[in-house]
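Raw my_file16.txt, compact mmCIF, C-alpha atoms:
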# COMPACT_ATOMS: atom_id res chain seq x y z
CA MET A 1 109.76 93.77 123.02
CA TYR A 2 111.09 91.37 120.45
CA VAL A 3 114.75 90.43 120.08
CA GLY A 4 115.40 89.25 116.52
CA VAL A 5 118.49 87.41 115.32
CA THR A 6 120.06 89.76 112.82
CA ASP A 7 122.35 89.22 109.84
CA ASN A 8 125.65 90.90 110.69
CA ASP A 9 126.29 92.16 107.14
CA TRP A 10 122.78 93.67 107.07
CA TYR A 11 123.45 95.40 110.38
CA ASP A 12 126.93 96.67 109.44
CA PHE A 13 125.68 98.16 106.18
CA LEU A 14 122.72 99.96 107.75
CA ALA A 15 124.68 101.12 110.81
CA LYS A 16 126.80 103.17 108.40
CA GLU A 17 123.81 104.44 106.42
CA ARG A 18 121.59 105.39 109.40
CA PRO A 19 118.31 105.39 107.40
CA ASP A 20 114.92 106.54 108.68
CA GLU A 21 113.36 103.10 108.12
CA VAL A 22 114.51 99.56 107.32
CA ASN A 23 113.17 96.32 105.95
CA PHE A 24 114.11 93.45 108.27
CA TRP A 25 113.45 90.79 105.66
CA SER A 26 113.07 87.05 105.78
CA PRO A 27 113.96 85.07 102.63
CA ASN A 28 110.91 82.82 102.91
CA GLY A 29 107.48 84.39 102.62
CA LYS A 30 105.53 81.83 104.59
CA ARG A 31 105.38 82.63 108.31
CA ALA A 32 103.54 85.75 109.49
CA PHE A 33 105.15 87.83 112.23
CA ARG A 34 102.71 88.35 115.11
CA ALA A 35 105.06 88.91 118.04
CA LEU A 36 104.53 92.70 118.27
CA GLU A 37 101.77 95.24 118.03
CA PRO A 38 102.43 98.36 115.90
CA ASN A 39 105.02 100.68 117.50
CA GLY A 40 106.46 97.81 119.55
CA LEU A 41 110.20 97.72 120.17
CA PHE A 42 112.15 95.36 117.89
CA LEU A 43 115.80 94.80 118.90
CA PHE A 44 118.72 93.59 116.76
CA LYS A 45 120.64 90.66 118.23
CA LEU A 46 123.75 89.97 116.15
CA HIS A 47 124.69 86.48 114.98
CA SER A 48 127.05 84.48 117.17
CA PRO A 49 129.77 84.85 118.21
CA LEU A 50 128.61 88.46 118.60
CA ASN A 51 126.06 87.77 121.33
CA PHE A 52 124.98 91.37 121.76
CA ILE A 53 121.98 93.57 121.14
CA ALA A 54 123.32 96.32 118.91
CA GLY A 55 120.28 98.45 118.11
CA GLY A 56 116.67 98.21 117.07
CA GLY A 57 113.65 99.95 115.60
CA PHE A 58 109.92 100.35 115.98
CA PHE A 59 107.57 97.84 114.40
CA VAL A 60 105.19 99.19 111.77
CA ARG A 61 103.82 96.08 110.11
CA HIS A 62 104.67 92.71 108.59
CA VAL A 63 103.80 91.98 104.97
CA PHE A 64 104.71 89.50 102.26
CA LEU A 65 106.09 91.24 99.18
CA PRO A 66 107.60 90.23 95.86
CA LEU A 67 111.35 90.74 95.95
CA SER A 68 111.10 93.45 93.28
CA LEU A 69 108.55 95.49 95.23
CA ALA A 70 110.59 95.21 98.45
CA TRP A 71 113.55 96.70 96.58
CA GLU A 72 111.45 99.36 94.85
CA ALA A 73 110.01 100.48 98.19
CA PHE A 74 113.14 100.41 100.34
CA GLU A 75 116.17 100.15 98.02
CA SER A 76 119.36 100.28 100.15
CA LYS A 77 117.23 100.27 103.30
CA ASN A 78 117.00 96.51 102.67
CA GLY A 79 120.63 96.35 103.83
CA THR A 80 122.49 96.09 100.50
CA SER A 81 123.98 98.66 98.15
CA ASP A 82 122.17 97.54 94.99
CA TYR A 83 119.37 95.36 93.67
CA LEU A 84 121.60 92.51 92.47
CA ALA A 85 123.26 92.17 95.88
CA PHE A 86 119.83 92.13 97.53
CA ARG A 87 118.49 89.56 95.07
CA ASN A 88 121.56 87.34 95.41
CA ALA A 89 121.38 87.41 99.21
CA ILE A 90 117.80 86.14 99.06
CA TYR A 91 118.58 83.46 96.47
CA LYS A 92 121.49 82.30 98.63
CA TYR A 93 119.14 81.62 101.56
CA ARG A 94 116.45 80.12 99.32
CA ASN A 95 118.96 77.95 97.42
CA SER A 96 117.49 79.09 94.11
CA ASP A 97 118.14 81.63 91.33
CA HIS A 98 116.37 84.15 89.11
CA LYS A 99 115.57 81.49 86.49
CA THR A 100 113.71 79.19 88.88
CA GLU A 101 112.17 82.05 90.89
CA PRO A 102 112.02 85.29 88.89
CA ASP A 103 110.37 87.30 91.68
CA PRO A 104 109.97 85.29 94.89
CA GLU A 105 107.79 86.53 97.74
CA ILE A 106 109.65 87.35 100.95
CA GLY A 107 108.64 88.28 104.46
CA CYS A 108 109.14 91.94 105.37
CA ILE A 109 109.18 93.29 108.91
CA ILE A 110 109.04 97.04 108.39
CA LEU A 111 110.72 99.09 111.11
CA SER A 112 110.67 102.84 111.56
CA SER A 113 113.23 105.12 113.24
CA PRO A 114 115.94 102.43 113.54
CA PHE A 115 118.84 103.05 115.90
CA PHE A 116 122.35 101.59 115.97
CA PHE A 117 124.46 101.59 119.12
CA ASP A 118 128.13 102.47 119.26
CA ARG A 119 130.25 99.35 119.76
CA ASP A 120 131.05 100.14 123.39
CA HIS A 121 127.32 100.38 124.17
CA TRP A 122 126.28 97.00 122.78
CA ILE A 123 124.16 95.15 125.31
CA PRO A 124 124.95 91.49 126.19
CA VAL A 125 122.02 89.17 125.52
CA PRO A 126 119.81 88.43 128.53
CA GLU A 127 120.85 85.56 130.76
CA ASP A 128 118.02 83.32 129.54
CA TRP A 129 118.96 83.66 125.85
CA HIS A 130 119.54 80.23 124.32
CA PRO A 131 122.35 80.06 121.72
CA HIS A 132 120.11 78.20 119.25
CA THR A 133 117.21 80.67 119.42
CA ARG A 134 115.76 81.33 115.93
CA PRO A 135 114.44 83.64 114.66
CA GLY A 136 114.00 85.60 117.89
CA LYS A 137 112.32 85.88 121.25
CA VAL A 138 109.69 88.03 122.98
CA TYR A 139 110.52 89.76 126.26
CA ASN A 140 107.83 91.19 128.53
CA THR A 141 108.51 94.27 130.65
CA ASP A 142 106.20 92.86 133.34
CA GLU A 143 108.91 90.29 134.04
CA PRO A 144 112.29 91.05 135.68
CA ILE A 145 114.51 90.03 132.73
CA GLY A 146 112.43 91.96 130.24
CA ARG A 147 112.24 95.02 132.47
CA ARG A 148 116.01 95.06 132.96
CA LEU A 149 116.58 94.75 129.22
CA TYR A 150 114.12 97.55 128.47
CA ASN A 151 115.70 99.87 131.02
CA ARG A 152 119.16 99.13 129.63
CA VAL A 153 118.01 99.94 126.09
CA MET A 154 116.42 103.20 127.29
CA SER A 155 119.63 104.07 129.12
CA VAL A 156 121.73 103.63 125.96
CA LEU A 157 119.23 105.59 123.86
CA ASN A 158 119.49 108.40 126.39
CA GLU A 159 123.26 108.28 126.58
CA GLU A 160 123.71 108.32 122.79
CA ASN A 161 120.85 110.79 122.17
CA LEU A 162 119.36 108.41 119.60
CA TYR A 163 115.72 109.43 119.96
CA THR A 164 113.71 112.63 119.73
CA SER A 165 110.90 113.87 121.92
CA GLU A 166 108.47 112.78 119.19
CA LEU A 167 109.21 109.16 120.06
CA LEU A 168 108.63 109.39 123.77
CA LEU A 169 105.76 110.21 126.09
CA GLU A 170 105.90 110.38 129.86
CA SER A 171 104.60 107.26 131.53
CA PRO A 172 101.75 107.73 134.05
CA GLY A 173 103.54 105.43 136.46
CA GLU A 174 106.74 103.55 137.11
CA ARG A 175 105.69 100.31 135.45
CA TYR A 176 108.03 100.74 132.48
CA GLY A 177 110.47 103.22 133.94
CA SER A 178 110.50 106.93 133.17
CA SER A 179 109.10 106.77 129.63
CA TYR A 180 107.85 104.57 126.83
CA ILE A 181 108.05 104.74 123.05
CA VAL A 182 105.12 105.67 120.82
CA ARG A 183 104.24 106.52 117.24
CA PRO A 184 107.52 106.89 115.37
CA ARG A 185 107.27 108.53 111.95
CA ILE A 186 106.99 106.29 108.92
CA GLY A 187 109.09 106.83 105.80
CA GLN A 188 108.57 106.83 102.06
CA GLY A 189 109.13 103.09 101.64
CA THR A 190 106.65 102.22 104.37
CA PHE A 191 104.13 104.61 102.81
CA LYS A 192 104.45 102.84 99.46
CA VAL A 193 103.92 99.42 101.03
CA MET A 194 100.97 100.53 103.15
CA VAL A 195 99.22 102.15 100.20
CA THR A 196 99.92 99.17 97.92
CA GLU A 197 98.45 96.74 100.44
CA ALA A 198 95.49 98.97 101.36
CA TYR A 199 94.41 99.09 97.69
CA HIS A 200 94.88 95.33 97.30
CA ARG A 201 97.56 95.90 94.64
CA ARG A 202 95.05 97.46 92.23
CA CYS A 203 95.03 100.94 90.69
CA ALA A 204 92.38 103.00 92.46
CA ILE A 205 91.18 104.52 89.17
CA THR A 206 91.66 101.86 86.48
CA GLY A 207 91.66 98.65 88.53
CA GLU A 208 94.97 97.66 86.89
CA LYS A 209 96.66 94.77 88.75
CA THR A 210 100.07 94.63 87.02
CA LEU A 211 102.18 95.42 90.05
CA PRO A 212 105.33 96.75 88.30
CA VAL A 213 103.36 99.67 86.80
CA LEU A 214 101.60 100.70 90.03
CA GLU A 215 102.86 103.56 92.18
CA ALA A 216 101.86 105.02 95.55
CA ALA A 217 100.85 108.64 94.98
CA HIS A 218 100.57 111.30 97.65
CA ILE A 219 97.32 113.25 97.36
CA LYS A 220 98.95 116.22 99.10
CA PRO A 221 102.65 116.05 98.18
CA TYR A 222 105.23 115.39 100.85
CA SER A 223 107.02 118.54 99.66
CA GLN A 224 103.86 120.47 100.65
CA ASN A 225 103.78 118.91 104.14
CA GLY A 226 101.59 116.04 103.02
CA PRO A 227 102.15 113.18 105.50
CA HIS A 228 103.18 109.58 104.76
CA LEU A 229 99.72 108.31 105.71
CA THR A 230 97.62 105.80 103.83
CA SER A 231 94.74 108.32 103.97
CA ASN A 232 96.98 110.69 101.98
CA GLY A 233 97.65 108.09 99.31
CA LEU A 234 96.23 106.53 96.17
CA LEU A 235 97.65 103.54 94.33
CA LEU A 236 97.79 104.57 90.69
CA ARG A 237 99.00 103.22 87.37
CA ARG A 238 102.15 105.10 86.36
CA ASP A 239 100.55 107.24 83.62
CA ILE A 240 97.56 108.04 85.83
CA HIS A 241 99.96 109.03 88.62
CA ALA A 242 101.75 111.46 86.28
CA LEU A 243 98.46 113.05 85.24
CA PHE A 244 97.25 113.23 88.86
CA ASP A 245 100.43 115.00 90.00
CA ARG A 246 100.18 117.48 87.12
CA GLY A 247 96.53 118.28 87.79
CA TYR A 248 94.93 116.64 84.76
CA ILE A 249 93.06 114.13 86.96
CA THR A 250 91.67 114.44 90.46
CA VAL A 251 89.26 112.64 92.80
CA ASN A 252 86.52 114.64 94.52
CA GLU A 253 85.24 114.27 98.06
CA ASP A 254 82.63 111.72 96.93
CA TYR A 255 85.40 109.51 95.47
CA GLN A 256 84.37 110.40 91.93
CA ILE A 257 87.05 110.76 89.27
CA GLU A 258 87.33 114.08 87.43
CA VAL A 259 89.35 114.44 84.23
CA SER A 260 90.35 117.90 83.05
CA LYS A 261 89.45 119.17 79.58
CA ARG A 262 93.00 120.45 79.45
CA ILE A 263 94.30 116.99 78.41
CA LYS A 264 92.65 117.41 75.00
CA GLU A 265 93.50 121.10 74.81
CA ASP A 266 97.17 120.54 75.65
CA TYR A 267 97.79 117.23 73.90
CA GLY A 268 95.00 116.78 71.36
CA ASN A 269 93.95 113.41 72.76
CA GLY A 270 93.05 111.70 76.03
CA ARG A 271 90.09 109.57 75.01
CA GLU A 272 91.20 106.70 77.28
CA TYR A 273 91.31 109.01 80.28
CA TYR A 274 87.99 110.75 79.64
CA ALA A 275 86.32 107.33 79.91
CA PHE A 276 86.92 107.50 83.67
CA HIS A 277 85.34 110.93 84.16
CA GLY A 278 82.44 110.84 86.61
CA LYS A 279 83.06 107.25 87.66
CA LYS A 280 83.65 106.11 91.23
CA LEU A 281 87.05 104.81 92.24
CA ALA A 282 87.57 101.23 91.08
CA GLU A 283 89.26 100.30 94.37
CA ILE A 284 89.20 101.81 97.84
CA PRO A 285 90.59 100.42 101.12
CA HIS A 286 88.28 98.33 103.29
CA ARG A 287 89.36 100.08 106.50
CA SER A 288 87.82 103.52 106.89
CA GLU A 289 90.98 105.06 108.38
CA GLU A 290 92.94 104.07 105.25
CA ARG A 291 90.51 105.59 102.74
CA PRO A 292 91.42 108.86 101.00
CA SER A 293 90.96 111.77 103.40
CA LYS A 294 88.41 114.31 102.18
CA GLN A 295 90.68 117.02 103.57
CA PHE A 296 93.56 115.93 101.32
CA LEU A 297 91.28 115.37 98.32
CA LEU A 298 89.87 118.88 98.68
CA TRP A 299 93.42 120.26 98.84
CA HIS A 300 94.24 118.52 95.56
CA ASN A 301 90.98 119.71 93.94
CA VAL A 302 91.71 123.34 94.85
CA ASN A 303 95.49 123.54 94.54
CA VAL A 304 96.46 121.08 91.80
CA TYR A 305 93.51 120.18 89.56
CA LEU A 306 93.36 122.21 86.34
CA GLY A 307 89.58 121.99 86.00

Could you express the structure from this file as C-alpha cells?
Amino acid sequence: MYVGVTDNDWYDFLAKERPDEVNFWSPNGKRAFRALEPNGLFLFKLHSPLNFIAGGGFFVRHVFLPLSLAWEAFESKNGTSDYLAFRNAIYKYRNSDHKTEPDPEIGCIILSSPFFFDRDHWIPVPEDWHPHTRPGKVYNTDEPIGRRLYNRVMSVLNEENLYTSELLLESPGERYGSSYIVRPRIGQGTFKVMVTEAYHRRCAITGEKTLPVLEAAHIKPYSQNGPHLTSNGLLLRRDIHALFDRGYITVNEDYQIEVSKRIKEDYGNGREYYAFHGKKLAEIPHRSEERPSKQFLLWHNVNVYLG
C-alpha cells in the first residue's frame, strides 16, 4: 500500500462528486511514481492538522501529461470544477502563469474506483507516520503496522459497503486477511490516457503528432459493450475519428486501412482520405497486449464499416 499526502480541497471536492476514477496529480512533472504495482492500494492521507486516512483508490499507472491533456481526459475528476481552477491550482504550486508556461507537464497518478470514507470512519495515521512525510509512504502488509492498517481499511470498506464483488477475490490463505483487491475497472479518462501513451501521441492512421487534435477512439463503442481497454482503442486525428465512427474508414485484421467509396458518393470528395486506403497503420503500440484486438476490428468491419 501507499499512503499519499492529499490536498484537502482536492479531497473535499471529489468526496462530494464520487467519480469512478481520479487523477491524483503532482504540479511538477519530473519524478516518476514507482511505489506501487498496477492495482495496488493508494490511500489518501489528509494534510495536517487532519492526520487521518480518509479514503483511497486503486493504482492504474503514472504518466506525465500536458496540463491540457490531463484536463481533457479527466475534467472535474482532477478535483476542480473547471479548467481555469485546475490550471490556476497548478500555477500556484509551480509559481508561474500561463504566459511563462502555456501548457506545463504534470505528474499524474491515475486511480480507479476511488472511495471516500464518512467522517466518523476516518482512520488515524499509523503510529510511525512522521509529520513531515512528503509526498507519502509505502506500507507492507508483511509487517505488523502495514497489516493493521490494511485490515482497518478493509473493515471500513466492508462497513460502508464501498466496494463490489468485482474488486475482491478470496485469498488462498490468511496472509492478508479474508480478501484482497484486484483488477478494478478503468474509466473513460484512463482509457484516453492509456491509448494516447500506447500510440506514442501519434495518430494511428496519419501519423499526426499535434496532440490537441488527437482523440482516443473505441473500436467497439462503449455503448455497445466495448470495454475501456487499450486493445479496443485507436488514437486518431479528430476528422479521422469522426469518419471511423461513422463507418467511412476501418482497419482490417491485418492492420490495413480501408476507406469506403461512400465518402465520394456522399460528399463528392475525400481525396485526402483515399490516399490511406490499403496502407498499414502508421503507428501501433509496441506491447502486443495493447495492439488493436482482431476481435474488435472484425466487429467494426462487419457492424460499422460501409464498404

inquiry  = Excluding His277 (chain A) and its own-chain neighbours fewer than 4 positions away, which residues fall within 6 Å of it when counting only C-alpha atoms? Please give them as a list in words.
reply    = Ile257, Glu258 and Val259 of chain A

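Our summary of the geometry notes that CA of Ser81 (chain A) is positioned 8.2 Å from CA of Phe13 (chain A).
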
ask   = When distances are computed from all atoms listed in the file, which of A:Phe296, A:Tyr305, A:Phe24, A:Phe276 shows the smallest separation from Tyr11 (chain A)?
value = A:Phe24

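Proximity ranking of A:Tyr273, A:Phe52, A:Phe74, A:Phe64 relative to Lys192 (chain A) places A:Phe74 first, based on only C-alpha atoms.
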
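With all atoms listed in the file as the basis for measurement, A:Val193 is the residue among A:Val193, A:Val302, A:Ala54, A:Ile284 that approaches Ile109 (chain A) most closely.
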
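Distance-wise, CA of Gly307 (chain A) and CA of Tyr248 (chain A) end up 7.7 Å apart.
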
task = To one decimal in Å, tell me the separation between CA of Gln224 (chain A) and CA of Arg18 (chain A).
result = 24.9 Å

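Nearest residue to Phe33 (chain A), choosing from A:Val138, A:Leu211, A:Met154, A:Ala242 and counting all atoms listed in the file: A:Val138.
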
task = Tell me which protein, DNA and RNA residues are within 12 Å of Glu101 (chain A), counting all atoms listed in the file, leaving out same-chain ones fewer than 2 positions away, and put them as a PyMOL selection string.
result = chain A and resi 66-68+87-88+90-91+94-99+103-106

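Of the listed residues A:Lys264, A:Gly278, A:Tyr255, A:Asp245, the one whose atoms come nearest to Leu297 (chain A) is A:Tyr255, with distances taken using only C-alpha atoms.
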
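Within the 10 Å cut-off around Pro135 (chain A), using all atoms listed in the file and omitting residues fewer than 3 positions from it on the same chain, the listed residues are A:Val3, A:Gly4, A:Val5, A:Thr6, A:Ser26, A:His132.
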
inquiry  = I need the residue nearest Ser48 (chain A) from this list: A:Leu235, A:Val156, A:Val125, A:Leu243. Use only C-alpha atoms for the distance.
reply    = A:Val125

Could you give me, as a Markdown table, every region 90-164 of chain A residue with an atom at most 9 Å from region 55-62 of chain A, plus its closest atom pair and distance in Å to one decimal, counting only C-alpha atoms, rows ordered by chain then number?
| residue | atom | partner | partner_atom | distance |
| --- | --- | --- | --- | --- |
| A:Gly107 | CA | A:His62 | CA | 7.2 |
| A:Cys108 | CA | A:His62 | CA | 5.6 |
| A:Ile109 | CA | A:His62 | CA | 4.6 |
| A:Ile110 | CA | A:Val60 | CA | 5.6 |
| A:Leu111 | CA | A:Phe59 | CA | 4.7 |
| A:Ser112 | CA | A:Phe58 | CA | 5.1 |
| A:Ser113 | CA | A:Gly57 | CA | 5.7 |
| A:Pro114 | CA | A:Gly57 | CA | 4.0 |
| A:Phe115 | CA | A:Gly55 | CA | 5.3 |
| A:Phe116 | CA | A:Gly55 | CA | 4.3 |
| A:Phe117 | CA | A:Gly55 | CA | 5.3 |
| A:Asp118 | CA | A:Gly55 | CA | 8.9 |
| A:Trp122 | CA | A:Gly55 | CA | 7.7 |
| A:Ile123 | CA | A:Gly55 | CA | 8.8 |
| A:Val153 | CA | A:Gly55 | CA | 8.4 |

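Using all atoms listed in the file, the residues found no farther than 10 Å from region 279-281 of chain A, other than those of its own chain fewer than 6 positions away, are Cys203, Ala204, Ile205, Thr206, Gly207, Val251, Asn252, Asp254, Tyr255, Gln256, Ile257 and Glu258 of chain A.
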
ask   = Got a sec to check which residues sit within 9 Å of (125.2, 81.7, 119.5), counting all atoms listed in the file, and write them as a ChimeraX atom specification?
value = /A:47-51,130-133

Skipping near chain neighbours, those fewer than 4 positions away, what residues fall within 12 Å of Asp128 (chain A) using only C-alpha atoms, listed as a PDB file with C-alpha atoms, in the frame of the given file?
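The new file result-v1.pdb reads:
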ATOM      1  CA  PRO A 124     124.950  91.490 126.190  1.00  0.00           C
ATOM      2  CA  HIS A 132     120.110  78.200 119.250  1.00  0.00           C
ATOM      3  CA  THR A 133     117.210  80.670 119.420  1.00  0.00           C
ATOM      4  CA  LYS A 137     112.320  85.880 121.250  1.00  0.00           C
ATOM      5  CA  VAL A 138     109.690  88.030 122.980  1.00  0.00           C
ATOM      6  CA  TYR A 139     110.520  89.760 126.260  1.00  0.00           C
ATOM      7  CA  PRO A 144     112.290  91.050 135.680  1.00  0.00           C
ATOM      8  CA  ILE A 145     114.510  90.030 132.730  1.00  0.00           C
ATOM      9  CA  GLY A 146     112.430  91.960 130.240  1.00  0.00           C
ATOM     10  CA  LEU A 149     116.580  94.750 129.220  1.00  0.00           C
TER      11      LEU A 149
END

Please return the centre and edge lengths, in Å to one decimal, of a box with edges along x, y and z that contains all listed atoms of region 85-88 of chain A, widened by 3 Å on every side, as AutoDock Vina command-line options.
--center_x 120.9 --center_y 89.8 --center_z 96.3 --size_x 10.8 --size_y 10.8 --size_z 8.5
